[in-house]
Every structure is written in C-alpha cells, then in structure tokens.
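Pasting query37.txt here (compact mmCIF, C-alpha atoms and all ligand atoms):
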# COMPACT_ATOMS: atom_id res chain seq x y z
CA PRO A 1 240.28 171.34 82.13
CA ARG A 2 240.76 168.20 84.21
CA LEU A 3 241.30 164.80 82.61
CA GLU A 4 239.46 161.93 84.34
CA PHE A 5 240.17 158.23 84.14
CA GLU A 6 237.81 155.58 85.48
CA VAL A 7 239.58 152.23 85.77
CA PHE A 8 237.49 149.06 86.12
CA THR A 9 239.41 146.12 87.52
CA ILE A 10 239.53 143.38 90.15
CA PHE A 11 242.95 144.73 91.24
CA PRO A 12 242.46 148.45 91.99
CA GLU A 13 245.59 148.35 94.17
CA ILE A 14 247.77 147.98 91.06
CA ILE A 15 246.37 151.19 89.56
CA GLU A 16 246.43 153.05 92.89
CA ALA A 17 250.10 152.22 93.47
CA PHE A 18 250.97 153.37 89.96
CA VAL A 19 249.13 156.71 90.11
CA GLY A 20 250.40 157.36 93.64
CA ALA A 21 253.97 158.14 92.54
CA GLY A 22 255.91 160.67 90.46
CA LEU A 23 254.32 163.02 87.95
CA MET A 24 251.00 161.14 88.12
CA ALA A 25 250.74 161.87 91.86
CA LYS A 26 251.68 165.53 91.27
CA ALA A 27 249.14 165.90 88.46
CA GLN A 28 246.43 164.60 90.78
CA GLU A 29 247.47 166.87 93.66
CA ARG A 30 247.21 169.82 91.26
CA ASP A 31 243.81 168.51 90.09
CA LEU A 32 244.94 168.24 86.44
CA VAL A 33 244.20 164.53 86.36
CA ARG A 34 241.88 162.37 88.42
CA VAL A 35 242.00 158.57 88.48
CA HIS A 36 239.12 156.64 90.05
CA THR A 37 239.14 152.88 90.40
CA THR A 38 236.10 150.62 90.57
CA ASN A 39 236.23 146.95 91.56
CA PHE A 40 233.98 144.60 89.57
CA ARG A 41 233.65 142.56 92.79
CA ASP A 42 231.64 145.38 94.38
CA PHE A 43 228.96 144.67 91.75
CA THR A 44 228.42 140.98 92.48
CA SER A 45 225.57 139.57 94.57
CA ASP A 46 226.88 136.22 95.89
CA LYS A 47 228.81 135.90 99.13
CA HIS A 48 232.06 134.90 97.36
CA ARG A 49 231.85 138.01 95.16
CA THR A 50 232.37 135.84 92.06
CA VAL A 51 233.28 137.72 88.86
CA ASP A 52 234.20 134.77 86.62
CA ASP A 53 232.63 131.63 85.24
CA THR A 54 233.53 128.75 82.91
CA PRO A 55 233.42 129.39 79.14
CA PHE A 56 230.44 128.27 77.09
CA GLY A 57 231.65 125.69 74.59
CA GLY A 58 234.33 124.46 77.00
CA GLY A 59 238.05 125.02 77.05
CA ALA A 60 240.66 126.17 79.51
CA GLY A 61 240.39 129.22 81.71
CA MET A 62 237.62 131.36 83.10
CA VAL A 63 235.72 134.31 81.63
CA ILE A 64 234.67 137.51 83.43
CA LYS A 65 230.88 137.61 83.65
CA PRO A 66 229.09 140.49 81.90
CA GLU A 67 226.75 141.44 84.78
CA PRO A 68 229.29 142.92 87.25
CA VAL A 69 231.10 144.75 84.41
CA VAL A 70 227.99 146.43 83.02
CA ALA A 71 226.61 147.14 86.51
CA ALA A 72 229.92 148.83 87.43
CA LEU A 73 229.91 150.95 84.23
CA GLU A 74 226.30 152.04 84.72
CA SER A 75 226.77 152.86 88.39
CA VAL A 76 229.85 155.04 87.75
CA GLU A 77 228.22 156.85 84.83
CA ALA A 78 225.11 157.54 86.91
CA GLU A 79 227.28 158.96 89.68
CA ARG A 80 229.98 160.86 87.78
CA GLY A 81 228.77 161.24 84.18
CA PRO A 82 229.37 159.72 80.73
CA MET A 83 232.76 158.32 79.68
CA HIS A 84 234.59 157.27 76.53
CA ARG A 85 234.77 153.50 77.13
CA VAL A 86 237.96 151.67 76.22
CA LEU A 87 238.39 147.90 76.52
CA LEU A 88 242.00 146.75 76.91
CA THR A 89 242.55 143.58 74.91
CA PRO A 90 245.43 142.05 72.95
CA SER A 91 243.08 141.74 69.96
CA GLY A 92 242.40 145.49 69.74
CA PRO A 93 244.01 148.01 67.37
CA ARG A 94 247.50 148.96 68.56
CA PHE A 95 247.72 151.87 71.02
CA ASP A 96 250.25 154.42 69.73
CA GLN A 97 251.13 158.12 70.00
CA ARG A 98 248.31 159.08 67.57
CA ALA A 99 245.79 157.24 69.79
CA ALA A 100 247.27 158.95 72.87
CA GLU A 101 246.82 162.37 71.20
CA ARG A 102 243.23 161.51 70.27
CA LEU A 103 242.36 160.28 73.79
CA ALA A 104 243.97 163.34 75.41
CA ARG A 105 241.10 165.38 73.92
CA LYS A 106 238.43 163.34 75.77
CA PRO A 107 237.33 164.65 79.19
CA ARG A 108 236.53 161.26 80.77
CA ILE A 109 237.97 157.89 79.81
CA ALA A 110 236.88 154.49 81.14
CA LEU A 111 239.47 151.70 81.00
CA LEU A 112 238.15 148.14 81.32
CA CYS A 113 240.75 145.66 82.51
CA GLY A 114 240.20 141.97 81.86
CA ARG A 115 241.70 139.00 83.71
CA TYR A 116 241.66 135.23 83.03
CA GLU A 117 240.58 134.67 79.39
CA GLY A 118 239.08 138.15 79.24
CA ILE A 119 235.62 139.69 79.58
CA ASP A 120 232.46 138.12 78.08
CA ASP A 121 232.45 139.44 74.50
CA ARG A 122 228.94 140.87 74.77
CA VAL A 123 230.43 143.71 76.82
CA ARG A 124 232.58 144.69 73.81
CA GLU A 125 229.55 144.43 71.50
CA GLY A 126 227.22 146.61 73.53
CA TRP A 127 229.04 148.74 76.09
CA VAL A 128 232.42 149.73 74.65
CA ASP A 129 233.43 152.61 72.33
CA GLU A 130 236.79 151.15 71.29
CA CYS A 131 239.25 148.34 71.99
CA LEU A 132 242.99 148.96 72.36
CA SER A 133 246.04 146.69 72.67
CA ILE A 134 249.42 147.89 73.92
CA GLY A 135 251.29 145.35 71.76
CA ASP A 136 251.37 141.87 70.30
CA PHE A 137 251.99 139.99 73.54
CA VAL A 138 249.70 138.73 76.30
CA LEU A 139 249.67 140.10 79.85
CA ASN A 140 247.91 138.48 82.82
CA GLY A 141 245.54 141.42 83.10
CA GLY A 142 244.64 144.81 81.68
CA GLU A 143 245.96 146.85 84.64
CA VAL A 144 249.50 147.32 83.35
CA ALA A 145 248.08 148.18 79.91
CA ALA A 146 245.78 150.74 81.57
CA ALA A 147 248.78 152.24 83.38
CA VAL A 148 250.66 152.56 80.07
CA LEU A 149 247.71 154.29 78.45
CA ILE A 150 247.08 156.65 81.42
CA GLU A 151 250.71 157.74 81.50
CA ALA A 152 250.99 158.31 77.73
CA VAL A 153 247.70 160.27 77.59
CA ALA A 154 248.09 162.29 80.80
CA ARG A 155 251.54 163.62 79.90
CA LEU A 156 250.06 165.25 76.78
CA ARG A 157 247.71 167.34 78.91
CA ALA A 158 248.73 170.95 79.58
CA GLY A 159 250.45 171.32 82.93
CA VAL A 160 251.16 167.64 83.61
CA LEU A 161 254.76 167.94 82.40
CA GLY A 162 256.96 170.71 83.78
CA ASN A 163 258.21 171.71 80.33
CA PRO A 164 255.61 171.56 77.51
CA ASP A 165 258.43 171.94 74.95
CA SER A 166 259.60 168.43 75.72
CA ILE A 167 256.45 166.99 74.10
CA ALA A 168 256.75 168.69 70.71
CA HIS A 169 260.18 167.26 69.85
CA GLU A 170 259.74 163.75 71.19
CA SER A 171 259.85 160.54 69.21
CA PHE A 172 256.63 160.00 67.19
CA ALA A 173 255.32 163.52 67.88
CA ALA A 174 253.14 164.63 64.98
CA PRO A 175 254.66 167.62 63.17
CA GLU A 176 253.30 170.94 64.36
CA PRO A 177 251.52 172.86 61.58
CA GLU A 178 253.95 175.76 61.84
CA LEU A 179 256.85 173.41 61.17
CA GLU A 180 255.40 172.19 57.92
CA SER A 181 257.00 175.01 55.98
CA GLU A 182 260.62 176.02 56.40
CA SER A 183 261.36 177.17 59.97
CA GLU A 184 264.19 177.31 62.46
CA LEU A 185 263.86 173.56 62.99
CA GLY A 186 263.88 172.81 59.31
CA PRO A 187 261.26 171.20 57.08
CA ALA A 188 258.74 168.64 58.31
CA SER A 189 259.78 165.03 58.79
CA PRO A 190 259.97 163.14 55.49
CA PHE A 191 258.94 159.91 57.28
CA LEU A 192 255.48 158.38 57.05
CA GLY A 193 252.84 160.28 58.98
CA GLY A 194 255.41 162.99 59.74
CA GLN A 195 256.71 160.76 62.54
CA VAL A 196 260.33 160.62 63.53
CA LEU A 197 262.41 159.18 66.39
CA GLU A 198 264.10 161.73 68.60
CA HIS A 199 267.86 162.44 68.46
CA PRO A 200 270.03 160.98 71.27
CA HIS A 201 270.61 162.97 74.51
CA TYR A 202 273.75 163.46 76.62
CA THR A 203 274.53 165.20 79.90
CA ARG A 204 277.56 165.73 82.17
CA PRO A 205 280.25 164.41 82.51
CA PRO A 206 281.64 165.07 79.00
CA SER A 207 283.77 161.94 79.31
CA PHE A 208 282.41 158.84 81.03
CA ARG A 209 284.60 155.67 81.22
CA ASP A 210 286.45 156.77 78.08
CA ARG A 211 283.26 157.54 76.19
CA GLY A 212 282.96 161.11 75.00
CA VAL A 213 280.01 163.17 73.85
CA PRO A 214 279.63 164.15 70.16
CA PRO A 215 281.93 167.24 69.97
CA VAL A 216 279.33 169.35 68.11
CA LEU A 217 277.18 169.39 71.29
CA LEU A 218 280.03 170.93 73.33
CA ALA A 219 281.05 173.61 70.81
CA GLY A 220 278.09 175.94 71.34
CA ASP A 221 277.13 176.55 67.68
CA HIS A 222 273.34 176.26 67.85
CA GLY A 223 272.84 176.08 64.09
CA LYS A 224 275.23 173.14 63.88
CA ILE A 225 273.63 171.49 66.92
CA GLU A 226 270.16 171.71 65.33
CA ALA A 227 271.48 170.28 62.05
CA TRP A 228 273.20 167.42 63.92
CA ARG A 229 270.02 166.63 65.86
CA ARG A 230 267.95 166.59 62.67
CA ARG A 231 270.48 164.34 60.98
CA LEU A 232 270.58 161.90 63.89
CA ALA A 233 266.78 161.86 64.11
CA CYS A 234 266.60 160.95 60.40
CA LEU A 235 269.36 158.35 60.58
CA ARG A 236 267.89 156.65 63.65
CA THR A 237 264.39 156.61 62.15
CA TRP A 238 265.72 155.20 58.87
CA ALA A 239 267.73 152.49 60.61
CA LEU A 240 265.47 151.60 63.55
CA ARG A 241 261.95 152.07 62.09
CA PRO A 242 262.11 150.79 58.50
CA GLN A 243 258.29 150.75 58.39
CA LEU A 244 258.33 154.58 58.66
CA ARG A 245 260.64 155.05 55.64
CA PRO A 246 259.11 157.15 52.86
CA LYS A 247 258.20 155.22 49.69
CA PRO A 248 260.47 155.83 46.68
CA PRO A 249 261.28 158.21 45.09
CA LEU A 250 263.18 159.67 48.04
CA PRO A 251 261.83 163.02 49.24
CA PRO A 252 263.85 165.85 47.67
CA GLU A 253 264.49 167.48 51.06
CA LEU A 254 266.31 164.41 52.45
CA PRO A 255 269.86 165.41 51.41
CA ARG A 256 269.36 168.82 53.01
CA LEU A 257 268.08 167.22 56.24
CA LEU A 258 271.15 165.00 56.38
CA ALA A 259 273.66 167.74 55.56
CA ALA A 260 275.76 169.00 58.43
N1 LIG A 301 242.49 135.17 76.07
C1 LIG A 301 242.93 136.45 75.67
C2 LIG A 301 243.53 136.38 74.30
O1 LIG A 301 244.20 135.37 73.98
O2 LIG A 301 243.40 137.35 73.56
C3 LIG A 301 243.98 136.98 76.63
C4 LIG A 301 243.43 137.42 77.95
S1 LIG A 301 244.66 138.13 78.98
C5 LIG A 301 245.37 136.73 79.75
C6 LIG A 301 243.73 138.88 80.25
C7 LIG A 301 243.48 140.37 80.09
O3 LIG A 301 244.70 141.05 80.05
C8 LIG A 301 242.74 140.78 78.84
O4 LIG A 301 241.36 140.66 79.00
C9 LIG A 301 243.17 142.23 78.68
O5 LIG A 301 242.36 143.11 79.45
C10 LIG A 301 244.57 142.22 79.27
N2 LIG A 301 245.64 142.21 78.25
C11 LIG A 301 246.50 141.19 78.02
N3 LIG A 301 247.37 141.51 77.04
C12 LIG A 301 247.06 142.77 76.65
C13 LIG A 301 247.60 143.66 75.66
N4 LIG A 301 248.62 143.31 74.87
N5 LIG A 301 247.03 144.89 75.54
C14 LIG A 301 245.99 145.26 76.32
N6 LIG A 301 245.44 144.45 77.26
C15 LIG A 301 245.96 143.23 77.43
For this file, write the structure as structure tokens.
Amino acid sequence: PRLEFEVFTIFPEIIEAFVGAGLMAKAQERDLVRVHTTNFRDFTSDKHRTVDDTPFGGGAGMVIKPEPVVAALESVEAERGPMHRVLLTPSGPRFDQRAAERLARKPRIALLCGRYEGIDDRVREGWVDECLSIGDFVLNGGEVAAAVLIEAVARLRAGVLGNPDSIAHESFAAPEPELESESELGPASPFLGGQVLEHPHYTRPPSFRDRGVPPVLLAGDHGKIEAWRRRLACLRTWALRPQLRPKPPLPPELPRLLAA
C-alpha cells in the first residue's frame, strides 16, 4: 500500500527539492510513497496573495491567516480524500521513533508548515488531529521539520529501504515480539520502553590512520560478535541516554547482556 504525504506550505520548493533526491526519489518512482505539496498562497483572494497579518493584541511578527490554510486543507481533501492532519510546531509533543512507527500505519498524512510566528491557533483547535515538534529549538518554518518527519516515517514502510533488516536493529527500534523471550539475539532490551541505541559500525580498511577495528569483528566468531554488539549497545545506551536507564533494582539479565 502506498503512503501519501500532503505538505501545506508557502515554500513548496523546499519540500520538492528534498523528496527529489536519494531514497525518497526512488520510493516515489516505485510508487511506494507520494508527496504532494500545496501552497497556501494559491488559496488567497487578493492580488498580493497575502497569507499573513498582524497579531491581535499586538507584538512582534506576523501570523498566518486561518482562511487560506483551511481552504487549502478542504480543497485537497475534496480532491484526494481524507488525511491525518499534523501541525508542525515547537510547542507540540516531541516527534520520536514511536511516533514515526504510529504514523507509518496511516495511509495519508497532512503536514502543516507554519512561518513567521506560526498559524492562527484556531486552525489547531478545529482542523488538526495532532501537533508535533521535532525538538526544543525554533526553526524559521515547518518545512525542514516536515522533511524530518517524512524521512523517518517513509523509511519504515515496506520496500522503501533496500534491506528491511536494517530497521529492526536500529537505535530506538521497539523490540520485536519474538525477541522478548530468549532468542539468537538475546533477551529484550532492559532499557525503558525496550529502546536501545545501536552498536557502533566499522568497514574497510581494518586500519585507518593508526586506528584499528575492534578485533572481535575481524575474527569471524559470530556468537562473540553478537555478544560484543549487545554489550556495546547496552554500554552506549547507559552512558549516552541516562533517561532510558531502567529504575533500580537493576534488571537481573543485565550481567548476562554485558558478558562477553
Ligand atoms: N512563535 C512560535 C513559537 O515561539 O513557538 C515559533 C514559530 S516558528 C518561527 C515558525 C514555524 O516553524 C512554526 O509555525 C512551525 O511550523 C515551524 N517550527 C519551528 N520550530 C519547530 C520545531 N521545533 N518543530 C516543528 N516545527 C517547528
């Protein structure tokens, strides 16, 4: 099934450049993903195609008017069908891998990109299913945030990546049900939400400017390699994502996960 994104913006060229390259371009050629853009300016009625106005109550900056935004949403839905409507805003809940997995199950996703001080808040009240932020910082517009979300969601869809195996073992991947009990890859992650950072990766040459590769990776013992990868995944998660550490008492399987 094809995944469709509808991006609403005053800068469609940013989105078009982004989806015109790499795996996103390939996914569209193969009709796995489709990305439409709609310009709010095409839904204005004055000759300057004005989308913004001064804020009620005063203050710096301009606000995107609600009329062109809602007219654009309604026109696209009438033409191409209903969508799950997402407003990109720094005040939304944080977009993360769980949100990407959830959105990857939706057939059609609308992404509303603000500019200036943002979009008139009545749009969020009445015409939006959820708000999302890509982090606690402020961008000039929602387009780069939309690109982040499109890329993270699209790569979870079957066929978009060459090798589907690369998804399952990545950082933050939720544990697969069949890994919850003992399996080749060991027990499930002891970290919160079953999340874990991935182990480090190396490729040729085996020595680069006097820096070698961990010898276990060159020795060809796959059991030892798996154990090393598990250990490094745990150590990196513990050190680099303290907020994912399990609450005391320590999970009983931890020593076994860390053992060589
Ligand atoms: N006045 C807003 C505030 O302080 O929350 C910031 C508006 S920002 C300059 C303009 C637009 O960029 C927003 O409407 C939103 O669409 C987008 N944007 C900025 N930072 C973002 C973030 N961290 N995540 C998602 N969208 C963001």
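Residue neighbourhood of segment 168-173 of chain A, excluding near-sequence residues (fewer than 3 positions): Asp165, Gln195, Val196, Leu197 and Glu198 of chain A, at 6 Å, using all atoms listed in the file.
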- Using all atoms listed in the file, find the one residue out of A:Glu6, A:Glu16, A:Asp221, A:Asp136 that sits nearest to ligand LIG 301 (chain A). A:Asp136
- Item | Pick from A:Gly57, A:Pro93, A:Gly135, A:Pro82, whichever lies nearest to ligand LIG 301 (chain A) using only C-alpha atoms and all ligand atoms |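 Ranking A:Gly57, A:Pro93, A:Gly135, A:Pro82 by distance to ligand LIG 301 (chain A), first place goes to A:Gly135.
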Could you give me, as a compact mmCIF listing (two decimals) with C-alpha atoms, keeping the file's coordinate frame, the residues within 9 Å of Glu117 of chain A, counting all atoms listed in the file and dropping anything in the same chain fewer than 4 positions from it?
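Here's the written file selection33.txt:
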# COMPACT_ATOMS: atom_id res chain seq x y z
CA PRO A 55 233.42 129.39 79.14
CA ALA A 60 240.66 126.17 79.51
CA GLY A 61 240.39 129.22 81.71
CA MET A 62 237.62 131.36 83.10
CA VAL A 63 235.72 134.31 81.63
CA ILE A 64 234.67 137.51 83.43
CA ASN A 140 247.91 138.48 82.82
- Item | Interatomic distance (Å, one decimal) between atom CA of Pro249 of chain A and atom CA of Leu192 of chain A | 13.3 Å
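Here atom CA of Asp121 of chain A and atom CA of Pro66 of chain A stand 8.2 Å from one another.
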- Interatomic distance (Å, one decimal) between atom CA of Ser189 of chain A and atom CA of Val160 of chain A: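 If I compute the distance from atom CA of Ser189 of chain A to atom CA of Val160 of chain A, I get 26.4 Å.
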Around ligand LIG 301 (chain A), out to 9 Å and counting all atoms listed in the file, which residues are there? I want them as a PDB file with C-alpha atoms, in the coordinates of the input.
ATOM      1  CA  GLY A  61     240.390 129.220  81.710  1.00  0.00           C
ATOM      2  CA  VAL A  63     235.720 134.310  81.630  1.00  0.00           C
ATOM      3  CA  ILE A  64     234.670 137.510  83.430  1.00  0.00           C
ATOM      4  CA  LEU A  87     238.390 147.900  76.520  1.00  0.00           C
ATOM      5  CA  LEU A  88     242.000 146.750  76.910  1.00  0.00           C
ATOM      6  CA  THR A  89     242.550 143.580  74.910  1.00  0.00           C
ATOM      7  CA  PRO A  90     245.430 142.050  72.950  1.00  0.00           C
ATOM      8  CA  SER A  91     243.080 141.740  69.960  1.00  0.00           C
ATOM      9  CA  GLY A  92     242.400 145.490  69.740  1.00  0.00           C
ATOM     10  CA  ARG A  94     247.500 148.960  68.560  1.00  0.00           C
ATOM     11  CA  PHE A  95     247.720 151.870  71.020  1.00  0.00           C
ATOM     12  CA  LEU A 112     238.150 148.140  81.320  1.00  0.00           C
ATOM     13  CA  CYS A 113     240.750 145.660  82.510  1.00  0.00           C
ATOM     14  CA  GLY A 114     240.200 141.970  81.860  1.00  0.00           C
ATOM     15  CA  ARG A 115     241.700 139.000  83.710  1.00  0.00           C
ATOM     16  CA  TYR A 116     241.660 135.230  83.030  1.00  0.00           C
ATOM     17  CA  GLU A 117     240.580 134.670  79.390  1.00  0.00           C
ATOM     18  CA  GLY A 118     239.080 138.150  79.240  1.00  0.00           C
ATOM     19  CA  ILE A 119     235.620 139.690  79.580  1.00  0.00           C
ATOM     20  CA  CYS A 131     239.250 148.340  71.990  1.00  0.00           C
ATOM     21  CA  LEU A 132     242.990 148.960  72.360  1.00  0.00           C
ATOM     22  CA  SER A 133     246.040 146.690  72.670  1.00  0.00           C
ATOM     23  CA  ILE A 134     249.420 147.890  73.920  1.00  0.00           C
ATOM     24  CA  GLY A 135     251.290 145.350  71.760  1.00  0.00           C
ATOM     25  CA  ASP A 136     251.370 141.870  70.300  1.00  0.00           C
ATOM     26  CA  PHE A 137     251.990 139.990  73.540  1.00  0.00           C
ATOM     27  CA  VAL A 138     249.700 138.730  76.300  1.00  0.00           C
ATOM     28  CA  LEU A 139     249.670 140.100  79.850  1.00  0.00           C
ATOM     29  CA  ASN A 140     247.910 138.480  82.820  1.00  0.00           C
ATOM     30  CA  GLY A 141     245.540 141.420  83.100  1.00  0.00           C
ATOM     31  CA  GLY A 142     244.640 144.810  81.680  1.00  0.00           C
ATOM     32  CA  GLU A 143     245.960 146.850  84.640  1.00  0.00           C
ATOM     33  CA  VAL A 144     249.500 147.320  83.350  1.00  0.00           C
ATOM     34  CA  ALA A 145     248.080 148.180  79.910  1.00  0.00           C
ATOM     35  CA  ALA A 146     245.780 150.740  81.570  1.00  0.00           C
TER      36      ALA A 146
END
- Message: Restricting the calculation to all atoms listed in the file: of A:Gly126, A:Pro246, A:Gly220, A:Gly59, which residue gets closest to Gly193 of chain A?
- Response: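 Ranking A:Gly126, A:Pro246, A:Gly220, A:Gly59 by distance to Gly193 of chain A, first place goes to A:Pro246.
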- Using all atoms listed in the file, the residue out of A:Arg102, A:Arg122, A:His36, A:Arg41 with shortest distance to Arg80 of chain A is A:His36
- Of the listed residues A:Arg30, A:Ala100, A:Gly81, A:Phe191, that which approaches Pro248 of chain A most closely, counting all atoms listed in the file: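 Looking at the shortest contact to Pro248 of chain A, the residue is A:Phe191.
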- Message: Quick one: residues within 12 Å of Leu232 of chain A, all atoms listed in the file, excluding same-chain residues fewer than 6 positions away - as a ChimeraX atom specification?
- Response: /A:196-201,214,225-226,238-240,257-260
- Extract, using all atoms listed in the file, all DNA, RNA and protein residues at most 9 Å from Arg85 of chain A, discarding same-chain residues fewer than 6 positions from it, and format them as a PyMOL selection string. chain A and resi 73+108-112+127-131
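Residue nearest Leu254 of chain A, chosen from A:Pro190, A:Arg34, A:Pro215, A:Glu13 and counting all atoms listed in the file: A:Pro190.
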- Message: Which residues are close to Ala27 of chain A, i.e. within 12 Å by all atoms listed in the file, leaving aside same-chain residues fewer than 2 positions away? Reply as a list in words.
- Response: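 Counting all atoms listed in the file, the residues come to Arg2, Leu3, Glu4, Val19, Gly20, Ala21, Gly22, Leu23, Met24, Ala25, Glu29, Arg30, Asp31, Leu32, Val33, Arg34, Val35, Ile150, Glu151, Ala154, Arg155, Leu156, Arg157, Ala158, Gly159, Val160, Leu161 and Gly162 of chain A.
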Would you compute, for all listed atoms of segment 119-127 of chain A, the axis-aligned bounding box grown by 3 Å on each side, and then report its centre and edge lengths in Å rounded to one decimal, as JSON?
{"center_x": 231.4, "center_y": 143.4, "center_z": 75.5, "size_x": 14.4, "size_y": 16.6, "size_z": 14.1}
Restore N, CA and C atoms in segment 69-82 of chain A and list the result as an mmCIF file, keeping the file's coordinate frame.
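The result, written out as part.cif:
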data_model
loop_
_atom_site.group_PDB
_atom_site.id
_atom_site.type_symbol
_atom_site.label_atom_id
_atom_site.label_comp_id
_atom_site.auth_asym_id
_atom_site.auth_seq_id
_atom_site.Cartn_x
_atom_site.Cartn_y
_atom_site.Cartn_z
ATOM 1 N N VAL A 69 230.412 143.741 85.216
ATOM 2 C CA VAL A 69 231.100 144.750 84.410
ATOM 3 C C VAL A 69 230.125 145.851 84.004
ATOM 4 N N VAL A 70 228.972 145.446 83.478
ATOM 5 C CA VAL A 70 227.990 146.430 83.020
ATOM 6 C C VAL A 70 227.377 147.180 84.203
ATOM 7 N N ALA A 71 227.142 146.460 85.319
ATOM 8 C CA ALA A 71 226.610 147.140 86.510
ATOM 9 C C ALA A 71 227.593 148.195 87.007
ATOM 10 N N ALA A 72 228.895 147.881 86.984
ATOM 11 C CA ALA A 72 229.920 148.830 87.430
ATOM 12 C C ALA A 72 229.941 150.064 86.523
ATOM 13 N N LEU A 73 229.916 149.843 85.198
ATOM 14 C CA LEU A 73 229.910 150.950 84.230
ATOM 15 C C LEU A 73 228.700 151.861 84.461
ATOM 16 N N GLU A 74 227.526 151.241 84.586
ATOM 17 C CA GLU A 74 226.300 152.040 84.720
ATOM 18 C C GLU A 74 226.275 152.810 86.028
ATOM 19 N N SER A 75 226.766 152.193 87.094
ATOM 20 C CA SER A 75 226.770 152.860 88.390
ATOM 21 C C SER A 75 227.695 154.089 88.364
ATOM 22 N N VAL A 76 228.888 153.931 87.784
ATOM 23 C CA VAL A 76 229.850 155.040 87.750
ATOM 24 C C VAL A 76 229.348 156.164 86.846
ATOM 25 N N GLU A 77 228.760 155.806 85.721
ATOM 26 C CA GLU A 77 228.220 156.850 84.830
ATOM 27 C C GLU A 77 227.075 157.608 85.488
ATOM 28 N N ALA A 78 226.230 156.875 86.224
ATOM 29 C CA ALA A 78 225.110 157.540 86.910
ATOM 30 C C ALA A 78 225.648 158.514 87.956
ATOM 31 N N GLU A 79 226.734 158.129 88.610
ATOM 32 C CA GLU A 79 227.280 158.960 89.680
ATOM 33 C C GLU A 79 228.125 160.119 89.162
ATOM 34 N N ARG A 80 228.998 159.841 88.156
ATOM 35 C CA ARG A 80 229.980 160.860 87.780
ATOM 36 C C ARG A 80 229.888 161.307 86.323
ATOM 37 N N GLY A 81 228.957 160.760 85.539
ATOM 38 C CA GLY A 81 228.770 161.240 84.180
ATOM 39 C C GLY A 81 229.328 160.322 83.115
ATOM 40 N N PRO A 82 228.994 160.606 81.830
ATOM 41 C CA PRO A 82 229.370 159.720 80.730
ATOM 42 C C PRO A 82 230.885 159.649 80.514
#
